[in-house]
$ cat work_8.txt   # compact mmCIF, C-alpha atoms and all ligand atoms
# COMPACT_ATOMS: atom_id res chain seq x y z
CA MET L 1 -23.88 98.19 -130.95
CA LYS L 2 -27.53 97.14 -130.70
CA SER L 3 -29.74 98.15 -127.76
CA ASN L 4 -31.40 95.52 -125.56
CA GLN L 5 -34.66 96.03 -127.47
CA GLU L 6 -33.03 95.72 -130.90
CA LEU L 7 -31.16 92.61 -129.79
CA ILE L 8 -34.33 90.99 -128.41
CA LYS L 9 -36.11 91.70 -131.71
CA LEU L 10 -33.26 90.17 -133.73
CA THR L 11 -33.20 87.03 -131.54
CA ASN L 12 -36.97 86.60 -131.67
CA LYS L 13 -37.01 86.90 -135.44
CA HIS L 14 -34.12 84.57 -136.27
CA VAL L 15 -33.22 82.27 -133.37
CA ALA L 16 -35.15 79.09 -132.51
CA LYS L 17 -37.26 79.62 -129.40
CA ASN L 18 -36.06 76.57 -127.48
CA TYR L 19 -34.93 78.76 -124.57
CA GLY L 20 -37.00 81.00 -122.33
CA ARG L 21 -34.85 84.14 -122.29
CA TYR L 22 -34.90 87.13 -119.96
CA PRO L 23 -35.32 90.46 -121.76
CA ILE L 24 -31.71 91.64 -121.62
CA GLY L 25 -28.75 91.13 -123.94
CA LEU L 26 -25.40 90.57 -122.25
CA VAL L 27 -22.51 92.12 -124.11
CA ARG L 28 -19.48 92.24 -121.80
CA GLY L 29 -18.13 90.56 -118.67
CA LYS L 30 -15.28 90.89 -116.19
CA GLY L 31 -14.81 88.83 -113.05
CA MET L 32 -18.09 88.67 -111.09
CA VAL L 33 -19.84 91.20 -113.32
CA VAL L 34 -21.64 91.28 -116.68
CA TRP L 35 -23.10 94.30 -118.50
CA ASP L 36 -26.18 94.44 -120.68
CA ALA L 37 -26.55 96.42 -123.90
CA SER L 38 -27.78 99.52 -122.05
CA GLY L 39 -24.66 99.51 -119.87
CA LYS L 40 -26.49 98.19 -116.80
CA LYS L 41 -24.26 96.13 -114.53
CA TYR L 42 -25.20 92.77 -112.97
CA ILE L 43 -23.43 90.65 -110.38
CA ASP L 44 -23.55 87.16 -111.82
CA PHE L 45 -24.64 84.24 -109.60
CA VAL L 46 -25.35 82.08 -112.68
CA ALA L 47 -21.87 82.08 -114.23
CA GLY L 48 -23.05 80.62 -117.53
CA LEU L 49 -24.55 77.74 -115.49
CA ALA L 50 -21.41 76.68 -113.64
CA VAL L 51 -19.13 77.35 -116.63
CA ASP L 52 -17.37 80.57 -115.63
CA ASN L 53 -15.80 79.22 -112.43
CA LEU L 54 -12.93 81.73 -112.73
CA GLY L 55 -15.32 84.58 -113.49
CA HIS L 56 -15.79 86.34 -116.81
CA CYS L 57 -12.83 86.69 -119.17
CA PRO L 58 -10.19 85.42 -116.70
CA PRO L 59 -6.95 87.07 -117.89
CA SER L 60 -4.86 83.87 -117.95
CA VAL L 61 -7.45 82.06 -120.08
CA VAL L 62 -7.91 85.03 -122.43
CA ASP L 63 -4.14 85.24 -122.81
CA ALA L 64 -3.82 81.50 -123.55
CA ILE L 65 -6.58 81.75 -126.18
CA ARG L 66 -4.86 84.74 -127.80
CA LYS L 67 -1.55 82.89 -127.97
CA GLN L 68 -2.98 79.58 -129.19
CA SER L 69 -5.22 81.25 -131.79
CA GLY L 70 -2.18 82.75 -133.48
CA LYS L 71 -0.45 79.37 -133.53
CA LEU L 72 -2.93 76.60 -134.40
CA LEU L 73 -6.74 76.60 -134.24
CA HIS L 74 -7.74 73.18 -135.48
CA VAL L 75 -6.25 69.99 -136.85
CA SER L 76 -7.75 66.52 -137.03
CA ASN L 77 -7.39 63.82 -134.41
CA LEU L 78 -5.65 61.90 -137.20
CA TYR L 79 -2.58 63.56 -135.69
CA HIS L 80 -1.16 64.19 -132.23
CA ILE L 81 -2.19 67.52 -130.74
CA GLU L 82 0.11 69.03 -128.11
CA PRO L 83 -2.38 70.99 -125.93
CA GLN L 84 -4.71 67.94 -125.95
CA SER L 85 -2.00 65.57 -124.71
CA GLN L 86 -0.93 68.12 -122.09
CA LEU L 87 -4.49 68.59 -120.90
CA ALA L 88 -5.00 64.82 -120.64
CA ALA L 89 -1.77 64.53 -118.66
CA GLU L 90 -2.97 67.25 -116.29
CA LEU L 91 -6.44 65.70 -115.86
CA THR L 92 -4.98 62.26 -115.17
CA ARG L 93 -2.68 63.84 -112.57
CA LEU L 94 -5.68 65.46 -110.89
CA THR L 95 -8.15 62.52 -111.01
CA PHE L 96 -8.41 58.75 -110.52
CA ALA L 97 -8.56 58.32 -114.31
CA ASN L 98 -5.63 57.10 -116.44
CA LYS L 99 -6.83 58.34 -119.81
CA PHE L 100 -9.32 60.84 -121.28
CA PHE L 101 -11.44 61.17 -124.40
CA PHE L 102 -12.30 64.74 -125.45
CA CYS L 103 -15.49 66.13 -126.96
CA ASN L 104 -17.28 69.49 -126.96
CA SER L 105 -20.08 69.39 -124.41
CA GLY L 106 -21.58 67.65 -121.41
CA THR L 107 -24.10 65.61 -123.32
CA GLU L 108 -21.34 64.32 -125.60
CA ALA L 109 -19.24 63.35 -122.58
CA ASN L 110 -22.17 61.28 -121.28
CA GLU L 111 -22.75 59.73 -124.71
CA ALA L 112 -19.09 58.69 -124.64
CA ALA L 113 -19.49 57.19 -121.15
CA ILE L 114 -22.60 55.26 -122.18
CA LYS L 115 -20.87 53.92 -125.29
CA LEU L 116 -17.73 53.00 -123.34
CA ALA L 117 -19.73 51.10 -120.69
CA ARG L 118 -21.59 49.08 -123.33
CA ARG L 119 -18.49 48.46 -125.40
CA TRP L 120 -16.51 47.31 -122.35
CA PHE L 121 -19.00 44.50 -121.70
CA TYR L 122 -19.27 43.72 -125.42
CA ASP L 123 -15.47 43.31 -125.55
CA LYS L 124 -15.67 41.02 -122.51
CA GLY L 125 -18.07 38.77 -124.42
CA GLN L 126 -21.17 40.00 -122.56
CA PRO L 127 -23.05 41.96 -125.25
CA LYS L 128 -26.37 41.46 -123.46
CA ARG L 129 -25.14 43.46 -120.51
CA PHE L 130 -26.15 46.91 -121.74
CA GLU L 131 -28.60 48.30 -119.21
CA ILE L 132 -27.75 51.52 -117.34
CA ILE L 133 -29.45 52.54 -114.09
CA THR L 134 -29.99 56.28 -113.58
CA MET L 135 -31.71 58.39 -110.91
CA ASN L 136 -35.06 60.17 -110.80
CA ASP L 137 -34.59 63.95 -111.24
CA SER L 138 -31.21 63.43 -112.89
CA PHE L 139 -29.98 65.56 -115.76
CA HIS L 140 -27.49 64.19 -118.26
CA GLY L 141 -28.07 66.25 -121.41
CA ARG L 142 -30.29 66.69 -124.44
CA THR L 143 -29.04 64.28 -127.14
CA MET L 144 -30.98 61.03 -127.50
CA ALA L 145 -28.90 58.74 -125.27
CA SER L 146 -28.31 61.40 -122.62
CA LEU L 147 -31.96 62.44 -122.55
CA SER L 148 -32.95 58.77 -122.33
CA ALA L 149 -30.60 58.53 -119.34
CA THR L 150 -32.22 61.65 -117.84
CA ALA L 151 -35.09 60.55 -115.58
CA GLN L 152 -37.32 63.62 -115.90
CA LYS L 153 -40.58 63.37 -117.84
CA LYS L 154 -40.48 67.01 -118.99
CA ILE L 155 -37.22 66.32 -120.86
CA HIS L 156 -38.80 63.34 -122.71
CA VAL L 157 -42.05 64.92 -123.93
CA GLY L 158 -42.40 64.59 -127.70
CA PHE L 159 -39.12 62.77 -128.24
CA LYS L 160 -40.20 59.15 -127.89
CA PRO L 161 -39.23 56.46 -128.60
CA LEU L 162 -36.39 56.87 -126.14
CA LEU L 163 -33.24 54.82 -126.48
CA PRO L 164 -33.81 51.44 -124.80
CA GLY L 165 -31.59 50.18 -122.01
CA PHE L 166 -32.16 52.73 -119.23
CA LYS L 167 -33.83 52.06 -115.90
CA TYR L 168 -34.78 54.79 -113.43
CA VAL L 169 -34.71 54.52 -109.64
CA PRO L 170 -35.35 57.03 -106.83
CA PHE L 171 -32.22 59.00 -105.79
CA ASN L 172 -30.65 58.11 -102.41
CA ASP L 173 -32.69 54.87 -102.21
CA ILE L 174 -30.34 51.91 -101.94
CA THR L 175 -33.14 49.32 -101.64
CA ALA L 176 -34.69 50.46 -104.93
CA LEU L 177 -31.28 50.34 -106.55
CA LYS L 178 -30.55 46.80 -105.34
CA LYS L 179 -33.94 45.66 -106.66
CA SER L 180 -33.34 47.10 -110.11
CA VAL L 181 -29.96 45.40 -110.67
CA THR L 182 -30.19 42.45 -113.07
CA LYS L 183 -27.83 40.35 -115.18
CA LYS L 184 -28.27 43.01 -117.86
CA THR L 185 -26.97 45.89 -115.70
CA CYS L 186 -23.71 47.29 -117.06
CA ALA L 187 -23.50 50.64 -115.26
CA VAL L 188 -24.98 53.09 -112.79
CA LEU L 189 -24.86 56.71 -113.93
CA ILE L 190 -25.26 59.35 -111.21
CA GLU L 191 -24.57 62.99 -110.37
CA PRO L 192 -22.99 63.11 -106.87
CA ILE L 193 -25.03 66.27 -106.36
CA GLN L 194 -27.96 66.59 -108.77
CA GLY L 195 -27.85 69.97 -110.47
CA GLU L 196 -30.79 70.76 -112.72
CA GLY L 197 -32.96 68.36 -110.69
CA GLY L 198 -32.90 70.75 -107.73
CA VAL L 199 -29.37 70.72 -106.19
CA ASN L 200 -29.88 67.42 -104.34
CA PRO L 201 -26.76 65.97 -102.69
CA ALA L 202 -26.30 62.20 -102.57
CA GLN L 203 -25.98 60.88 -99.02
CA LYS L 204 -22.50 59.68 -98.07
CA THR L 205 -23.65 56.24 -96.95
CA TYR L 206 -25.72 55.87 -100.12
CA LEU L 207 -22.76 56.44 -102.44
CA LYS L 208 -20.49 54.23 -100.29
CA THR L 209 -23.00 51.37 -100.49
CA LEU L 210 -23.53 52.00 -104.20
CA ARG L 211 -19.77 51.68 -104.75
CA LYS L 212 -19.80 48.41 -102.81
CA ILE L 213 -22.67 46.96 -104.82
CA CYS L 214 -20.98 47.93 -108.10
CA ASN L 215 -17.77 46.23 -106.95
CA GLU L 216 -19.60 43.06 -105.95
CA LYS L 217 -21.57 42.78 -109.20
CA GLY L 218 -18.90 44.08 -111.57
CA ILE L 219 -21.05 47.07 -112.51
CA LEU L 220 -19.37 50.25 -113.75
CA LEU L 221 -20.00 53.36 -111.66
CA ILE L 222 -20.20 56.51 -113.77
CA PHE L 223 -20.12 59.92 -112.11
CA ASP L 224 -21.53 62.80 -114.10
CA GLU L 225 -19.43 65.66 -112.69
CA ILE L 226 -20.27 68.03 -115.50
CA GLN L 227 -21.77 70.53 -113.05
CA THR L 228 -20.05 69.47 -109.80
CA GLY L 229 -16.53 69.48 -111.27
CA PHE L 230 -13.70 72.00 -111.04
CA GLY L 231 -14.13 73.20 -107.49
CA ARG L 232 -17.86 73.86 -107.66
CA THR L 233 -18.64 71.84 -104.51
CA GLY L 234 -15.38 72.48 -102.62
CA PRO L 235 -12.70 70.01 -103.76
CA LEU L 236 -11.72 69.86 -107.43
CA PHE L 237 -14.23 67.02 -107.98
CA ALA L 238 -17.25 66.05 -105.89
CA TYR L 239 -16.17 62.39 -105.68
CA GLU L 240 -13.37 63.56 -103.38
CA ARG L 241 -16.02 64.79 -100.91
CA TYR L 242 -17.40 61.27 -100.72
CA LYS L 243 -14.01 59.55 -100.54
CA ILE L 244 -14.97 57.02 -103.21
CA LYS L 245 -13.82 56.70 -106.80
CA PRO L 246 -16.08 56.09 -109.78
CA ASP L 247 -14.93 53.98 -112.76
CA ILE L 248 -15.81 56.62 -115.33
CA ILE L 249 -16.13 60.41 -114.94
CA THR L 250 -17.74 62.90 -117.32
CA LEU L 251 -16.70 66.56 -117.40
CA ALA L 252 -17.64 69.70 -119.32
CA LYS L 253 -19.05 73.09 -118.22
CA ALA L 254 -16.16 74.71 -116.27
CA LEU L 255 -13.51 72.51 -117.92
CA GLY L 256 -12.67 75.11 -120.58
CA GLY L 257 -12.71 78.27 -118.46
CA GLY L 258 -15.55 79.55 -120.69
CA ILE L 259 -14.73 77.69 -123.92
CA ALA L 260 -16.76 74.67 -125.10
CA ILE L 261 -15.06 71.38 -124.21
CA GLY L 262 -16.15 68.07 -122.69
CA ALA L 263 -14.22 65.04 -121.49
CA MET L 264 -14.74 61.46 -120.36
CA GLY L 265 -12.09 59.74 -118.27
CA SER L 266 -11.57 56.22 -116.99
CA THR L 267 -9.01 53.66 -115.92
CA ASN L 268 -6.65 52.04 -118.43
CA LYS L 269 -8.48 48.72 -118.05
CA ILE L 270 -11.85 50.13 -119.07
CA ILE L 271 -10.95 52.87 -121.53
CA GLN L 272 -8.98 50.41 -123.66
CA SER L 273 -12.39 49.50 -125.11
CA PHE L 274 -12.24 52.82 -126.97
CA SER L 275 -10.01 51.23 -129.60
CA PRO L 276 -9.34 52.92 -132.97
CA GLY L 277 -12.58 53.59 -134.84
CA THR L 278 -14.99 53.05 -131.94
CA HIS L 279 -15.72 56.70 -131.20
CA GLY L 280 -14.74 60.20 -132.23
CA ALA L 281 -15.54 63.90 -132.47
CA THR L 282 -14.13 66.24 -135.13
CA PHE L 283 -13.58 69.14 -132.75
CA GLY L 284 -12.87 66.97 -129.70
CA GLY L 285 -9.70 68.09 -127.95
CA ASN L 286 -8.98 70.90 -130.42
CA PRO L 287 -5.89 73.02 -129.66
CA LEU L 288 -7.81 76.21 -128.77
CA ALA L 289 -10.21 74.64 -126.25
CA CYS L 290 -7.42 72.57 -124.67
CA ALA L 291 -5.13 75.60 -124.31
CA ALA L 292 -7.97 77.50 -122.59
CA SER L 293 -8.64 74.53 -120.35
CA LEU L 294 -4.98 74.16 -119.37
CA ALA L 295 -4.81 77.84 -118.39
CA SER L 296 -8.03 77.55 -116.39
CA LEU L 297 -6.79 74.45 -114.54
CA LYS L 298 -3.55 76.23 -113.68
CA THR L 299 -5.47 78.90 -111.80
CA LEU L 300 -7.96 76.50 -110.20
CA THR L 301 -5.15 74.36 -108.79
CA LYS L 302 -3.08 77.27 -107.44
CA LYS L 303 -2.35 76.83 -103.77
CA GLY L 304 -5.20 78.13 -101.64
CA PHE L 305 -7.57 78.93 -104.52
CA LEU L 306 -10.13 76.20 -103.84
CA GLN L 307 -9.82 76.58 -100.06
CA LYS L 308 -10.74 80.24 -100.40
CA ALA L 309 -13.74 79.41 -102.62
CA SER L 310 -14.80 76.78 -100.08
CA SER L 311 -14.72 79.26 -97.23
CA GLN L 312 -16.85 81.69 -99.27
CA GLY L 313 -19.26 78.79 -99.78
CA ASP L 314 -19.38 78.19 -96.02
CA TYR L 315 -20.13 81.86 -95.45
CA PHE L 316 -22.76 81.89 -98.22
CA VAL L 317 -24.64 78.86 -96.90
CA LYS L 318 -24.66 80.35 -93.37
CA GLN L 319 -26.25 83.51 -94.73
CA LEU L 320 -28.86 81.44 -96.58
CA HIS L 321 -29.73 79.59 -93.35
CA TYR L 322 -30.02 82.96 -91.63
CA LEU L 323 -32.46 84.02 -94.38
CA LYS L 324 -34.44 80.82 -93.86
CA GLU L 325 -34.79 81.54 -90.14
CA ASN L 326 -36.22 84.95 -90.97
CA PHE L 327 -38.45 84.17 -93.94
CA SER L 328 -40.98 81.36 -94.01
CA VAL L 329 -41.06 81.47 -97.85
CA ILE L 330 -37.82 79.45 -97.72
CA ARG L 331 -38.53 75.75 -97.17
CA GLU L 332 -35.01 74.39 -97.39
CA VAL L 333 -31.36 75.32 -98.01
CA ARG L 334 -29.36 72.74 -100.02
CA GLY L 335 -26.01 72.19 -101.69
CA ALA L 336 -22.27 72.19 -101.10
CA GLY L 337 -19.42 74.59 -101.75
CA LEU L 338 -20.62 77.19 -104.21
CA MET L 339 -23.39 75.00 -105.65
CA LEU L 340 -26.25 76.19 -103.46
CA ALA L 341 -30.01 76.47 -103.58
CA ILE L 342 -33.04 77.58 -101.62
CA GLU L 343 -36.36 75.84 -102.14
CA LEU L 344 -39.31 78.23 -101.78
CA ASN L 345 -42.94 77.53 -100.91
CA GLN L 346 -43.90 79.26 -104.18
CA PRO L 347 -42.63 79.77 -107.75
CA GLY L 348 -39.22 81.46 -107.91
CA ALA L 349 -39.63 83.22 -111.27
CA LYS L 350 -40.68 86.57 -109.83
CA ILE L 351 -37.72 86.51 -107.39
CA VAL L 352 -35.38 86.12 -110.36
CA THR L 353 -37.01 89.10 -112.09
CA ALA L 354 -36.92 91.22 -108.93
CA CYS L 355 -33.20 90.42 -108.45
CA MET L 356 -32.47 91.27 -112.07
CA LYS L 357 -34.00 94.73 -111.56
CA GLU L 358 -31.61 95.15 -108.61
CA GLY L 359 -28.63 94.10 -110.74
CA LEU L 360 -28.24 90.47 -109.62
CA LEU L 361 -28.47 87.39 -111.84
CA ILE L 362 -29.81 84.21 -110.21
CA ASN L 363 -31.39 81.04 -111.64
CA CYS L 364 -34.70 79.27 -110.97
CA ILE L 365 -35.04 75.50 -111.47
CA GLN L 366 -37.89 73.02 -110.90
CA GLN L 367 -40.33 75.96 -110.48
CA ASN L 368 -39.71 76.59 -106.76
CA THR L 369 -35.95 76.35 -106.35
CA ILE L 370 -33.46 79.22 -106.68
CA ARG L 371 -29.99 78.01 -107.60
CA PHE L 372 -26.74 79.91 -106.98
CA LEU L 373 -23.66 78.98 -109.06
CA PRO L 374 -21.41 82.05 -108.75
CA PRO L 375 -17.84 82.24 -110.02
CA LEU L 376 -15.48 80.74 -107.43
CA ILE L 377 -13.73 84.13 -107.14
CA ILE L 378 -16.77 85.51 -105.28
CA THR L 379 -16.16 87.61 -102.14
CA ARG L 380 -18.28 88.38 -99.06
CA LYS L 381 -19.16 91.75 -100.54
CA GLU L 382 -21.20 90.14 -103.34
CA ILE L 383 -22.73 87.54 -101.03
CA ASP L 384 -23.81 90.24 -98.58
CA LEU L 385 -25.36 92.27 -101.38
CA LEU L 386 -27.36 89.26 -102.60
CA ILE L 387 -28.57 88.40 -99.09
CA LYS L 388 -29.57 92.02 -98.46
CA THR L 389 -31.47 92.16 -101.76
CA LEU L 390 -33.23 88.83 -101.14
CA SER L 391 -34.22 90.03 -97.62
CA LYS L 392 -35.78 93.12 -99.17
CA ILE L 393 -37.67 91.06 -101.77
CA PHE L 394 -38.86 88.42 -99.27
CA THR L 395 -39.99 91.12 -96.82
CA LYS L 396 -42.21 92.57 -99.56
CA ILE L 397 -43.59 89.13 -100.50
CA GLN L 398 -44.42 88.17 -96.90
CA GLN L 399 -46.22 91.42 -96.15
C1 LIG W 1 -25.20 70.76 -118.03
C2 LIG W 1 -25.17 69.33 -117.70
C3 LIG W 1 -25.13 68.34 -118.70
C4 LIG W 1 -25.21 68.68 -120.17
O1 LIG W 1 -24.16 69.48 -120.60
P1 LIG W 1 -24.26 70.22 -122.03
O2 LIG W 1 -22.90 70.83 -122.20
O3 LIG W 1 -25.36 71.22 -121.95
O4 LIG W 1 -24.55 69.17 -123.04
C5 LIG W 1 -25.04 67.03 -118.31
N1 LIG W 1 -25.00 66.68 -117.01
C6 LIG W 1 -25.04 67.60 -116.03
C7 LIG W 1 -24.95 67.16 -114.60
C8 LIG W 1 -25.14 68.95 -116.33
O5 LIG W 1 -25.21 69.85 -115.35

$ encode --input "work_8.txt" --output "structure tokens"
Amino acid sequence: MKSNQELIKLTNKHVAKNYGRYPIGLVRGKGMVVWDASGKKYIDFVAGLAVDNLGHCPPSVVDAIRKQSGKLLHVSNLYHIEPQSQLAAELTRLTFANKFFFCNSGTEANEAAIKLARRWFYDKGQPKRFEIITMNDSFHGRTMASLSATAQKKIHVGFKPLLPGFKYVPFNDITALKKSVTKKTCAVLIEPIQGEGGVNPAQKTYLKTLRKICNEKGILLIFDEIQTGFGRTGPLFAYERYKIKPDIITLAKALGGGIAIGAMGSTNKIIQSFSPGTHGATFGGNPLACAASLASLKTLTKKGFLQKASSQGDYFVKQLHYLKENFSVIREVRGAGLMLAIELNQPGAKIVTACMKEGLLINCIQQNTIRFLPPLIITRKEIDLLIKTLSKIFTKIQQ
């Protein structure tokens, strides 16, 4: 096996440099822990960016992959695929949606939602109703439609012209939203809690009013739950926190228990616009990814599992507030469930590096914000260790 240094050299020589990478190579994982090539152990508060909700290599998912891989890896969507149908049945049981389309990533799930919203109005004889309203600081992915939907300048640089038909409004601002609605508006696309944009929760009254406006004007409400889904914020999906239902939901990240899979779900009435030939993805809903996803969902929906994760989230956020009281470098504590963040009065990069030295992986977004997305199997022991380590680091900084 290669050392960290050898691995870094190999990456730098042959892999495109579109990611800023930390100077370690991760080679193994189990539960809350990953190991680098030198054998150093890290407690993981990144979890593959909200992918490994059951921790690393969850036994039930690994077992399902082993079994499925000896049976059938891939066949075309020209045929019926048992794990795909079963997964769709399970997702429709667990959500407001009646049917699902499967793809391989978050950005593809959003592309599917954008296409479905436009096609739905086209089928209704309103082809000029194609405009989608999205929120400042949103993140919807990196392909052309999803990045055009993403209202962050840094994501757009060098990729213009963007896809037309997107309008950006400030998040949590219902007046701005009302003003931007026109006869051309077909949908509003929103993350109930913005992830990459800084872990910014939507206000309850804002989403309630948004739902009302969409109902009144016949606008489709699309929730991007790619990051907030699968217990990340407490309930299985964040829309349950807000007690409103979107018309379309997009899912990915934790959906596959660590395997690449995305999905877009909607009601029968709307998703019928995905008629034969309108959309597709070669690998979408392949047997392996769907088997992994089914196994992951089985664990996530076990009695008491999400409640336990929620109570760890409550404990975690309390500890972060306690840190804030003691250290003026923390400006704000934000988030829900186990999707949490602290905004600092200075860049967070050196905090990430200091934590890594101490064997803890955390994530910095928007320069000043530290985001925590640990596996939902986290215990107080790991939370306490993180808080203790951060206290030590902040004490040094504030000296
Ligand atoms: C990660 C993410 C995406 C993009 O998912 P990919 O699988 O990287 O394409 C889209 N929306 C949200 C909210 C995300 O967090």

$ residues_near_ligand --input "work_8.txt" --ligand "ligand LIG 1 (chain W)" --cutoff "7 Å" --atoms "only C-alpha atoms and all ligand atoms" --output "list in words"
Ser105, Gly106, Thr107, Glu108, Phe139, His140, Gly141, Arg142, Glu191, Gln194, Gly195, Glu196, Asp224, Glu225, Ile226, Gln227, Ala252 and Lys253 of chain L

$ closest_residue --input "work_8.txt" --among "L:Lys381, L:His80, L:His279, L:His74" --to "Ile114 in chain L" --atoms "all atoms listed in the file"
L:His279

$ residues_around --input "work_8.txt" --residues "range 331-333 of chain L" --least-positions-apart "6" --cutoff "7 Å" --atoms "all atoms listed in the file" --output "ChimeraX atom specification"
/L:320-321,341-345

$ residues_around --input "work_8.txt" --residues "Gly348 in chain L" --least-positions-apart "4" --cutoff "10 Å" --atoms "all atoms listed in the file" --output "list in words"
Ile342, Glu343, Leu344, Val352, Thr353, Asn363, Cys364, Ile365, Gln366, Gln367, Asn368, Thr369, Ile370 and Arg371 of chain L

$ closest_residue --input "work_8.txt" --among "L:Gly304, L:Pro161, L:Pro192, L:Gly256" --to "Asn53 in chain L" --atoms "only C-alpha atoms"
L:Gly256

$ closest_residue --input "work_8.txt" --among "L:Glu111, L:Asp173, L:Val15, L:Leu87" --to "Met144 in chain L" --atoms "all atoms listed in the file"
L:Glu111

$ closest_residue --input "work_8.txt" --among "L:Pro201, L:Pro374, L:Gly313, L:Pro287" --to "Arg66 in chain L" --atoms "only C-alpha atoms"
L:Pro287

$ residues_around --input "work_8.txt" --residues "Leu236 in chain L" --least-positions-apart "4" --cutoff "9 Å" --atoms "only C-alpha atoms" --output "list in words"
Leu94, Thr95, Thr228, Gly229, Phe230, Gly231, Arg232, Glu240, Leu300, Thr301 and Leu306 of chain L

$ atom_distance --input "work_8.txt" --atom1 "CA of Asn268 in chain L" --atom2 "CA of Gly284 in chain L"
19.7 Å

$ residues_around --input "work_8.txt" --residues "Leu207 in chain L" --least-positions-apart "6" --cutoff "9 Å" --atoms "only C-alpha atoms" --output "ChimeraX atom specification"
/L:172,174,192,242,244

$ write_last_selection --input "work_8.txt" --atoms "C-alpha atoms" --output "PDB file, in the coordinates of the input"
ATOM      1  CA  ASN L 172     -30.650  58.110-102.410  1.00  0.00           C
ATOM      2  CA  ILE L 174     -30.340  51.910-101.940  1.00  0.00           C
ATOM      3  CA  PRO L 192     -22.990  63.110-106.870  1.00  0.00           C
ATOM      4  CA  TYR L 242     -17.400  61.270-100.720  1.00  0.00           C
ATOM      5  CA  ILE L 244     -14.970  57.020-103.210  1.00  0.00           C
TER       6      ILE L 244
END

$ decode --input "work_8.txt" --residues "range 174-178 of chain L" --atoms "all heavy atoms" --output "mmCIF file, in the first residue's frame"
data_model
loop_
_atom_site.group_PDB
_atom_site.id
_atom_site.type_symbol
_atom_site.label_atom_id
_atom_site.label_comp_id
_atom_site.auth_asym_id
_atom_site.auth_seq_id
_atom_site.Cartn_x
_atom_site.Cartn_y
_atom_site.Cartn_z
ATOM 1 N N ILE L 174 -39.936 36.773 2.014
ATOM 2 C CA ILE L 174 -41.170 36.455 1.293
ATOM 3 C C ILE L 174 -41.600 37.602 0.379
ATOM 4 O O ILE L 174 -42.169 37.368 -0.690
ATOM 5 C CB ILE L 174 -42.304 36.026 2.280
ATOM 6 C CG1 ILE L 174 -43.288 35.083 1.577
ATOM 7 C CG2 ILE L 174 -43.052 37.206 2.877
ATOM 8 C CD1 ILE L 174 -42.764 33.698 1.329
ATOM 9 N N THR L 175 -41.289 38.842 0.757
ATOM 10 C CA THR L 175 -41.643 39.994 -0.083
ATOM 11 C C THR L 175 -40.892 39.920 -1.409
ATOM 12 O O THR L 175 -41.482 40.101 -2.486
ATOM 13 C CB THR L 175 -41.287 41.314 0.640
ATOM 14 O OG1 THR L 175 -41.742 41.202 1.983
ATOM 15 C CG2 THR L 175 -41.922 42.507 -0.014
ATOM 16 N N ALA L 176 -39.600 39.641 -1.332
ATOM 17 C CA ALA L 176 -38.780 39.528 -2.549
ATOM 18 C C ALA L 176 -39.303 38.398 -3.428
ATOM 19 O O ALA L 176 -39.347 38.520 -4.655
ATOM 20 C CB ALA L 176 -37.324 39.278 -2.171
ATOM 21 N N LEU L 177 -39.716 37.310 -2.787
ATOM 22 C CA LEU L 177 -40.222 36.186 -3.560
ATOM 23 C C LEU L 177 -41.505 36.561 -4.297
ATOM 24 O O LEU L 177 -41.647 36.314 -5.500
ATOM 25 C CB LEU L 177 -40.474 34.991 -2.655
ATOM 26 C CG LEU L 177 -40.877 33.778 -3.506
ATOM 27 C CD1 LEU L 177 -39.851 32.679 -3.405
ATOM 28 C CD2 LEU L 177 -42.250 33.277 -3.207
ATOM 29 N N LYS L 178 -42.432 37.176 -3.566
ATOM 30 C CA LYS L 178 -43.711 37.592 -4.177
ATOM 31 C C LYS L 178 -43.456 38.481 -5.383
ATOM 32 O O LYS L 178 -44.111 38.341 -6.419
ATOM 33 C CB LYS L 178 -44.544 38.355 -3.144
ATOM 34 C CG LYS L 178 -45.395 37.447 -2.252
ATOM 35 C CD LYS L 178 -46.271 38.311 -1.346
ATOM 36 C CE LYS L 178 -46.943 37.488 -0.268
ATOM 37 N NZ LYS L 178 -47.322 38.321 0.894
#
